[in-house]
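Source file: target-v3.txt. Holds: compact mmCIF, C-alpha atoms.
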# COMPACT_ATOMS: atom_id res chain seq x y z
CA MET X 1 67.53 106.35 97.66
CA SER X 2 66.23 108.48 100.55
CA ASP X 3 68.36 109.48 103.56
CA TRP X 4 66.57 106.91 105.72
CA GLY X 5 67.25 104.30 103.05
CA TRP X 6 71.00 104.90 103.33
CA VAL X 7 70.77 104.82 107.14
CA ALA X 8 68.83 101.54 107.05
CA PHE X 9 71.41 100.10 104.60
CA ALA X 10 74.31 100.99 106.93
CA TYR X 11 72.60 99.71 110.10
CA THR X 12 71.59 96.47 108.37
CA ILE X 13 75.19 95.83 107.30
CA VAL X 14 76.61 96.55 110.77
CA TYR X 15 74.08 94.65 112.88
CA GLY X 16 73.84 91.84 110.31
CA VAL X 17 77.60 91.30 110.23
CA LEU X 18 77.83 91.36 114.03
CA ILE X 19 74.99 88.85 114.43
CA GLY X 20 76.57 86.63 111.77
CA TYR X 21 79.97 86.82 113.46
CA VAL X 22 78.51 85.88 116.86
CA ALA X 23 76.70 82.94 115.25
CA SER X 24 79.91 81.77 113.56
CA LEU X 25 81.83 81.92 116.86
CA VAL X 26 79.14 79.89 118.62
CA VAL X 27 79.04 77.24 115.87
CA ARG X 28 82.84 77.00 115.59
CA THR X 29 83.25 76.67 119.37
CA ARG X 30 80.63 73.92 119.57
CA ARG X 31 82.23 72.04 116.67
CA VAL X 32 85.72 72.21 118.15
CA ARG X 33 84.53 71.17 121.62
CA SER X 34 82.55 68.22 120.28
CA GLU X 35 85.61 67.14 118.26
CA ALA X 36 87.76 67.40 121.41
CA ALA X 37 85.23 65.32 123.37
CA ARG X 38 85.36 62.57 120.70
CA ARG X 39 89.15 62.22 121.04
CA MET R 1 82.38 90.22 135.71
CA THR R 2 81.30 86.91 134.23
CA LYS R 3 81.24 86.12 130.53
CA ARG R 4 77.45 85.90 130.58
CA THR R 5 77.13 89.33 132.30
CA VAL R 6 79.32 90.98 129.64
CA GLU R 7 77.31 89.37 126.84
CA ILE R 8 73.93 90.34 128.27
CA GLY R 9 75.20 93.87 128.97
CA ALA R 10 76.57 94.18 125.44
CA PHE R 11 73.32 92.94 123.91
CA GLY R 12 71.23 95.40 125.95
CA ALA R 13 73.59 98.31 125.27
CA MET R 14 73.55 97.62 121.52
CA ILE R 15 69.74 97.71 121.47
CA ILE R 16 69.69 100.98 123.45
CA ALA R 17 72.38 102.50 121.19
CA PHE R 18 70.38 101.45 118.12
CA ALA R 19 67.23 103.14 119.48
CA VAL R 20 69.05 106.30 120.63
CA GLY R 21 70.83 106.62 117.28
CA LEU R 22 67.49 106.66 115.46
CA ALA R 23 65.69 108.85 118.03
CA VAL R 24 68.04 111.83 118.48
CA PRO R 25 67.40 114.96 116.35
CA PRO R 26 68.89 115.02 112.84
CA ASP R 27 72.06 116.97 112.08
CA ALA R 28 71.65 120.60 110.97
CA VAL R 29 73.72 120.09 107.80
CA GLN R 30 73.40 116.44 106.74
CA GLY R 31 69.96 115.69 108.19
CA ASP R 32 69.17 112.04 108.85
CA LEU R 33 72.19 110.79 106.87
CA GLN R 34 74.38 111.82 109.81
CA ARG R 35 72.87 108.91 111.82
CA ILE R 36 75.33 106.64 109.99
CA MET R 37 77.93 108.27 112.26
CA TYR R 38 76.53 106.27 115.23
CA VAL R 39 77.73 103.02 113.65
CA HIS R 40 80.67 104.34 111.60
CA VAL R 41 82.61 106.15 114.35
CA PRO R 42 82.30 103.35 116.98
CA SER R 43 83.48 100.82 114.38
CA ALA R 44 86.52 102.97 113.58
CA TRP R 45 87.24 103.53 117.30
CA LEU R 46 87.12 99.77 117.89
CA ALA R 47 89.57 99.19 115.07
CA TYR R 48 92.07 101.37 116.97
CA LEU R 49 91.25 99.76 120.33
CA ALA R 50 91.36 96.20 119.01
CA PHE R 51 94.69 96.61 117.24
CA GLY R 52 96.08 98.47 120.27
CA ILE R 53 95.08 95.50 122.46
CA THR R 54 96.74 93.20 119.92
CA MET R 55 99.96 95.17 120.36
CA ILE R 56 99.71 95.03 124.18
CA GLY R 57 99.00 91.28 124.11
CA SER R 58 101.97 90.79 121.78
CA VAL R 59 104.34 92.77 124.01
CA VAL R 60 103.23 90.95 127.17
CA TYR R 61 103.50 87.59 125.40
CA LEU R 62 107.09 88.32 124.36
CA ALA R 63 107.85 89.40 127.95
CA THR R 64 106.18 86.48 129.73
CA GLY R 65 105.86 83.65 127.19
CA ASN R 66 102.30 83.04 128.40
CA LEU R 67 100.17 81.83 125.46
CA ARG R 68 97.04 83.37 126.98
CA TRP R 69 98.36 86.79 125.90
CA ASP R 70 98.95 85.48 122.39
CA ARG R 71 95.36 84.27 122.27
CA LEU R 72 94.20 87.72 123.41
CA ALA R 73 96.28 89.34 120.65
CA GLY R 74 94.90 86.99 117.99
CA ALA R 75 91.29 87.28 119.17
CA SER R 76 91.48 91.07 119.33
CA ALA R 77 92.99 91.24 115.83
CA GLU R 78 90.19 89.11 114.35
CA VAL R 79 87.47 91.19 116.01
CA GLY R 80 89.36 94.33 114.96
CA VAL R 81 89.35 93.22 111.33
CA VAL R 82 85.56 92.77 111.54
CA PHE R 83 85.12 96.31 112.92
CA THR R 84 87.59 97.82 110.43
CA GLY R 85 85.62 96.19 107.63
CA LEU R 86 82.43 97.68 109.09
CA ALA R 87 84.06 101.13 109.35
CA LEU R 88 85.07 100.89 105.69
CA ALA R 89 81.65 99.62 104.59
CA THR R 90 79.69 102.27 106.50
CA GLY R 91 82.14 104.91 105.22
CA LEU R 92 81.38 103.87 101.64
CA ILE R 93 77.64 103.95 102.32
CA TRP R 94 77.93 107.39 103.95
CA GLY R 95 80.25 108.71 101.22
CA LYS R 96 77.99 107.93 98.27
CA PRO R 97 75.09 110.27 99.18
CA VAL R 98 77.29 112.96 100.82
CA TRP R 99 80.36 113.07 98.56
CA GLY R 100 78.71 111.62 95.46
CA VAL R 101 81.20 108.73 95.23
CA TRP R 102 81.56 105.38 97.00
CA TRP R 103 85.33 105.71 97.19
CA THR R 104 87.95 108.43 96.82
CA TRP R 105 91.72 108.31 97.22
CA ASP R 106 91.62 110.31 100.45
CA ALA R 107 94.45 109.66 102.93
CA ARG R 108 92.12 108.43 105.72
CA LEU R 109 90.30 105.99 103.43
CA VAL R 110 93.46 104.63 101.85
CA LEU R 111 95.28 104.21 105.17
CA THR R 112 92.27 102.55 106.81
CA ALA R 113 92.02 100.11 103.90
CA ALA R 114 95.77 99.45 104.19
CA MET R 115 95.36 98.77 107.92
CA PHE R 116 92.53 96.33 107.12
CA PHE R 117 94.74 94.38 104.72
CA VAL R 118 97.75 94.44 107.07
CA TYR R 119 95.70 92.80 109.82
CA LEU R 120 94.24 90.31 107.33
CA ALA R 121 97.87 89.39 106.66
CA TYR R 122 98.40 89.09 110.44
CA LEU R 123 95.50 86.60 110.64
CA ALA R 124 96.88 84.71 107.63
CA LEU R 125 100.27 84.50 109.35
CA ARG R 126 98.63 83.03 112.47
CA ARG R 127 96.97 80.34 110.37
CA GLY R 128 100.08 79.61 108.35
CA VAL R 129 102.59 78.86 111.11
CA ASP R 130 102.64 75.49 112.86
CA GLY R 131 103.46 75.22 116.55
CA ALA R 132 101.87 77.43 119.18
CA ASP R 133 105.11 79.04 120.39
CA ARG R 134 106.53 79.70 116.94
CA ARG R 135 103.20 81.12 115.77
CA ALA R 136 102.95 83.31 118.89
CA LYS R 137 106.48 84.74 118.52
CA ARG R 138 106.17 85.59 114.83
CA SER R 139 102.70 87.07 115.15
CA ALA R 140 103.73 89.07 118.24
CA VAL R 141 106.49 90.81 116.26
CA PHE R 142 104.04 91.43 113.41
CA GLY R 143 101.41 92.72 115.87
CA ILE R 144 103.81 95.23 117.41
CA VAL R 145 105.14 96.58 114.10
CA ALA R 146 101.64 96.77 112.57
CA ALA R 147 100.38 98.91 115.47
CA LEU R 148 102.69 101.74 114.38
CA GLN R 149 100.15 102.65 111.70
CA ILE R 150 97.30 103.34 114.20
CA PRO R 151 98.32 106.96 115.04
CA VAL R 152 99.11 107.57 111.36
CA VAL R 153 95.56 106.50 110.41
CA HIS R 154 93.99 108.65 113.14
CA PHE R 155 95.99 111.82 112.46
CA SER R 156 95.91 111.41 108.66
CA VAL R 157 92.92 113.81 108.53
CA VAL R 158 95.01 116.45 110.32
CA TRP R 159 98.28 115.91 108.45
CA TRP R 160 96.79 115.61 104.94
CA ARG R 161 93.67 117.59 104.08
CA GLY R 162 91.21 115.62 102.01
CA LEU R 163 87.48 114.96 101.78
CA HIS R 164 87.23 113.18 105.12
CA GLN R 165 86.39 115.58 107.95
CA PRO R 166 88.86 116.14 110.82
CA PRO R 167 88.25 114.46 114.22
CA THR R 168 85.02 115.58 115.90
CA VAL R 169 85.47 114.25 119.45
CA LEU R 170 89.10 113.11 119.84
CA ARG R 171 90.70 116.47 119.05
CA PRO R 172 92.98 118.81 120.98
CA ASP R 173 90.31 121.51 121.49
CA ASN R 174 86.68 121.00 122.61
CA PRO R 175 84.44 118.49 120.77
CA GLN R 176 82.57 120.18 117.90
CA ILE R 177 79.23 118.45 118.32
CA ASP R 178 75.89 119.31 120.00
CA PRO R 179 75.19 117.58 123.36
CA PRO R 180 72.28 115.32 122.23
CA LEU R 181 74.29 114.08 119.27
CA LEU R 182 77.38 113.66 121.45
CA PHE R 183 75.32 111.63 123.94
CA ALA R 184 74.09 109.31 121.17
CA LEU R 185 77.63 108.92 119.85
CA LEU R 186 79.11 108.14 123.27
CA MET R 187 76.28 105.68 123.96
CA ALA R 188 77.09 103.91 120.70
CA VAL R 189 80.82 103.89 121.48
CA PHE R 190 80.10 102.39 124.92
CA ALA R 191 77.78 99.72 123.47
CA PHE R 192 80.19 98.75 120.68
CA THR R 193 83.06 98.57 123.18
CA LEU R 194 81.06 96.18 125.38
CA ALA R 195 80.26 94.12 122.27
CA TYR R 196 83.97 94.06 121.43
CA ALA R 197 84.78 92.77 124.94
CA ALA R 198 82.15 90.02 124.67
CA LEU R 199 83.35 89.00 121.18
CA VAL R 200 87.01 88.87 122.24
CA ARG R 201 86.16 86.67 125.24
CA ARG R 202 84.22 84.29 122.98
CA ARG R 203 87.03 84.24 120.40
CA MET R 204 89.59 83.52 123.13
CA ALA R 205 87.47 80.60 124.37
CA LEU R 206 87.43 79.27 120.81
CA ALA R 207 91.22 79.71 120.51
CA THR R 208 91.75 77.80 123.76
CA ALA R 209 89.55 74.95 122.50
CA GLU R 210 91.38 74.93 119.14
CA ASP R 211 94.79 74.79 120.86
CA SER R 212 93.73 71.91 123.08
CA LEU R 213 92.42 70.09 120.01
CA THR R 214 95.72 70.63 118.18
CA ASP R 215 97.71 69.35 121.15
CA ALA R 216 95.53 66.25 121.69
CA PRO R 217 96.54 63.12 119.72
CA ARG R 218 94.06 61.66 117.22
CA PRO R 219 92.46 58.36 118.31
CA ASP R 220 94.22 56.49 115.49
CA GLU R 221 97.51 58.34 115.89
CA GLN R 222 100.59 56.63 117.35
CA VAL R 223 101.98 58.36 120.40
CA ALA R 224 105.55 59.50 119.81
CA GLY R 225 107.93 56.78 121.00
CA ALA R 226 105.36 53.98 120.86
CA ALA R 227 106.46 50.93 118.94
CA VAL R 228 103.05 49.54 118.01
CA SER R 229 99.53 50.84 117.40
CA ALA R 230 96.81 50.02 119.90
CA PRO R 231 94.99 46.76 119.00
CA GLN R 232 91.76 47.33 117.04
CA ILE R 233 88.83 45.55 118.69
CA GLY R 234 86.43 43.86 116.31
CA GLY R 235 88.83 43.30 113.44
CA GLY R 236 90.20 46.79 113.13
CA ARG R 237 89.34 49.40 110.58
CA ARG R 238 87.53 48.25 107.45
Show how you would write the structure in this file as structure tokens.
Amino acid sequence: MSDWGWVAFAYTIVYGVLIGYVASLVVRTRRVRSEAARR
Amino acid sequence: MTKRTVEIGAFGAMIIAFAVGLAVPPDAVQGDLQRIMYVHVPSAWLAYLAFGITMIGSVVYLATGNLRWDRLAGASAEVGVVFTGLALATGLIWGKPVWGVWWTWDARLVLTAAMFFVYLAYLALRRGVDGADRRAKRSAVFGIVAALQIPVVHFSVVWWRGLHQPPTVLRPDNPQIDPPLLFALLMAVFAFTLAYAALVRRRMALATAEDSLTDAPRPDEQVAGAAVSAPQIGGGRR
């Protein structure tokens, strides 16, 4: 793999994980709040 | 500063850091591969910061008994585990083309991996203990003791010589890095730190919602001390 290939691999992992983590926080918060509203 | 301001600022800073990291000149020795440093070093820095904040939150919780500090400690630990995992992953990706191996038993790598697993255990402890106060006390003690490894991880490259290079910026003498590359690195550190702040605030909001959900009785649950269940309208449950 070329140098830029390794760089792209690393950046994809970092930004992908961060975007996924933000999405999971948003979904979990919405789920918990809707559950609280039902009670 | 509002939650929304921090999030928008973090998002903008991350985009700028991404662009600067790809635009600055390549390193004289490693060429373009060195650009991995602009995501690897900020991730490692945030591991230290996050676990340091966990320790501070734990100490203040034990001093005050305010659960808000426990939530800060827990949120910071979870975000710290994410960034430690990213530091390890980007280290592996950087190590393969430069060192020729994905992994080596270097002191810095081993101690960082150990720190990752210790804080995974911290998160497991938080999930495994019932009762907010009991959970907060036990995890606070864990959070304080676990933080002792942070300086050991950082100075491991000074105390034990291995493949991993010594500190470039956080070192006793002057930083050993050219100004344009230092600017890109500091920009990335700033952006990742803002992202950390935004993530911790979101995680704390989730922890607050989870705690209120745990405290609230279920609709079909008898309140402690009540002698009978509430009458079920329409024939009750089927």
What are the residues of chain R lining chain X at 9 Å or less? Count all atoms listed in the file, and put the answer as a tab-separated table (two decimals) with C-alpha atoms, in the frame of the given file.
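Okay, this is what ended up in part_30.tsv:
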chain	number	residue	atom	x	y	z
R	18	PHE	CA	70.38	101.45	118.12
R	31	GLY	CA	69.96	115.69	108.19
R	32	ASP	CA	69.17	112.04	108.85
R	33	LEU	CA	72.19	110.79	106.87
R	34	GLN	CA	74.38	111.82	109.81
R	35	ARG	CA	72.87	108.91	111.82
R	36	ILE	CA	75.33	106.64	109.99
R	39	VAL	CA	77.73	103.02	113.65
R	40	HIS	CA	80.67	104.34	111.60
R	43	SER	CA	83.48	100.82	114.38
R	82	VAL	CA	85.56	92.77	111.54
R	83	PHE	CA	85.12	96.31	112.92
R	86	LEU	CA	82.43	97.68	109.09
R	87	ALA	CA	84.06	101.13	109.35
R	89	ALA	CA	81.65	99.62	104.59
R	90	THR	CA	79.69	102.27	106.50
R	91	GLY	CA	82.14	104.91	105.22
R	93	ILE	CA	77.64	103.95	102.32
R	94	TRP	CA	77.93	107.39	103.95
R	97	PRO	CA	75.09	110.27	99.18
R	199	LEU	CA	83.35	89.00	121.18
R	202	ARG	CA	84.22	84.29	122.98
R	203	ARG	CA	87.03	84.24	120.40
R	205	ALA	CA	87.47	80.60	124.37
R	206	LEU	CA	87.43	79.27	120.81
R	207	ALA	CA	91.22	79.71	120.51
R	209	ALA	CA	89.55	74.95	122.50
R	210	GLU	CA	91.38	74.93	119.14
R	212	SER	CA	93.73	71.91	123.08
R	213	LEU	CA	92.42	70.09	120.01
R	216	ALA	CA	95.53	66.25	121.69
R	217	PRO	CA	96.54	63.12	119.72
R	218	ARG	CA	94.06	61.66	117.22
R	219	PRO	CA	92.46	58.36	118.31
* Quick one: distance from CA of Ile15 in chain R to CA of Ala191 in chain R in Å, one decimal? ->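 Pair CA of Ile15 in chain R / CA of Ala191 in chain R returns 8.5 Å.
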* To do: Have a look at R:Trp45, R:Asp178, R:Phe142, R:Tyr61 and name the one nearest to Thr112 in chain R; count only C-alpha atoms.
  =>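 Nearest to Thr112 in chain R: R:Trp45.
CA of Val157 in chain R is positioned 6.1 Å from CA of Arg108 in chain R.
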* **Separation of CA of Ala23 in chain R from CA of Val98 in chain R in Å** =>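 Atom-to-atom, CA of Val98 in chain R and CA of Ala23 in chain R are spaced 21.2 Å apart.
Residues with any atom within 8 Å of Val24 in chain R, counting all atoms listed in the file and excluding same-chain neighbours fewer than 3 positions away, are Val20, Gly21, Pro180, Leu181 and Ala184 of chain R.
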* Write out as a count of residues only each polymer residue whose atoms come within 10 Å of Gly74 in chain R, counting all atoms listed in the file; drop sequence neighbours fewer than 6 positions from it. => 20
* With a distance cut-off of 12 Å and only C-alpha atoms, select the neighbouring residues of Val6 in chain R, excluding the residue or stretch itself and same-chain residues fewer than 4 positions from it, and output the selection as a PyMOL selection string. => chain R and resi 1-2+10-14+191-202
Just range 17-35 of chain R, please, as a compact mmCIF listing (two decimals), in the first residue's frame (only N, CA and C atoms).
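Dumped everything to out.txt:
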# COMPACT_ATOMS: atom_id res chain seq x y z
N ALA R 17 -8.86 20.88 11.05
CA ALA R 17 -7.69 20.06 11.41
C ALA R 17 -7.45 18.98 10.36
N PHE R 18 -8.53 18.40 9.86
CA PHE R 18 -8.43 17.38 8.81
C PHE R 18 -7.75 17.98 7.57
N ALA R 19 -8.21 19.16 7.16
CA ALA R 19 -7.66 19.80 5.95
C ALA R 19 -6.21 20.22 6.17
N VAL R 20 -5.91 20.80 7.34
CA VAL R 20 -4.53 21.25 7.61
C VAL R 20 -3.58 20.05 7.66
N GLY R 21 -4.04 18.96 8.27
CA GLY R 21 -3.21 17.76 8.38
C GLY R 21 -2.82 17.18 7.02
N LEU R 22 -3.70 17.36 6.04
CA LEU R 22 -3.40 16.83 4.70
C LEU R 22 -2.67 17.85 3.83
N ALA R 23 -2.71 19.15 4.25
CA ALA R 23 -2.15 20.21 3.40
C ALA R 23 -0.72 20.59 3.74
N VAL R 24 -0.30 20.39 5.01
CA VAL R 24 1.05 20.82 5.39
C VAL R 24 2.09 19.98 4.65
N PRO R 25 3.34 20.49 4.55
CA PRO R 25 4.37 19.74 3.83
C PRO R 25 4.65 18.40 4.50
N PRO R 26 5.10 17.41 3.71
CA PRO R 26 5.44 16.10 4.31
C PRO R 26 6.70 16.18 5.15
N ASP R 27 6.86 15.21 6.02
CA ASP R 27 8.04 15.13 6.89
C ASP R 27 9.28 14.78 6.07
N ALA R 28 10.45 15.30 6.51
CA ALA R 28 11.69 15.08 5.75
C ALA R 28 12.11 13.62 5.76
N VAL R 29 11.77 12.88 6.81
CA VAL R 29 12.23 11.49 6.94
C VAL R 29 11.14 10.50 6.50
N GLN R 30 9.94 10.66 7.06
CA GLN R 30 8.88 9.66 6.80
C GLN R 30 7.98 10.04 5.63
N GLY R 31 8.09 11.23 5.11
CA GLY R 31 7.24 11.65 4.00
C GLY R 31 5.80 11.80 4.44
N ASP R 32 4.87 11.36 3.58
CA ASP R 32 3.44 11.55 3.87
C ASP R 32 2.94 10.67 5.01
N LEU R 33 3.64 9.57 5.28
CA LEU R 33 3.21 8.68 6.37
C LEU R 33 3.10 9.42 7.71
N GLN R 34 3.95 10.45 7.86
CA GLN R 34 3.98 11.18 9.13
C GLN R 34 2.64 11.88 9.41
N ARG R 35 1.78 12.05 8.37
CA ARG R 35 0.49 12.71 8.58
C ARG R 35 -0.40 11.93 9.55
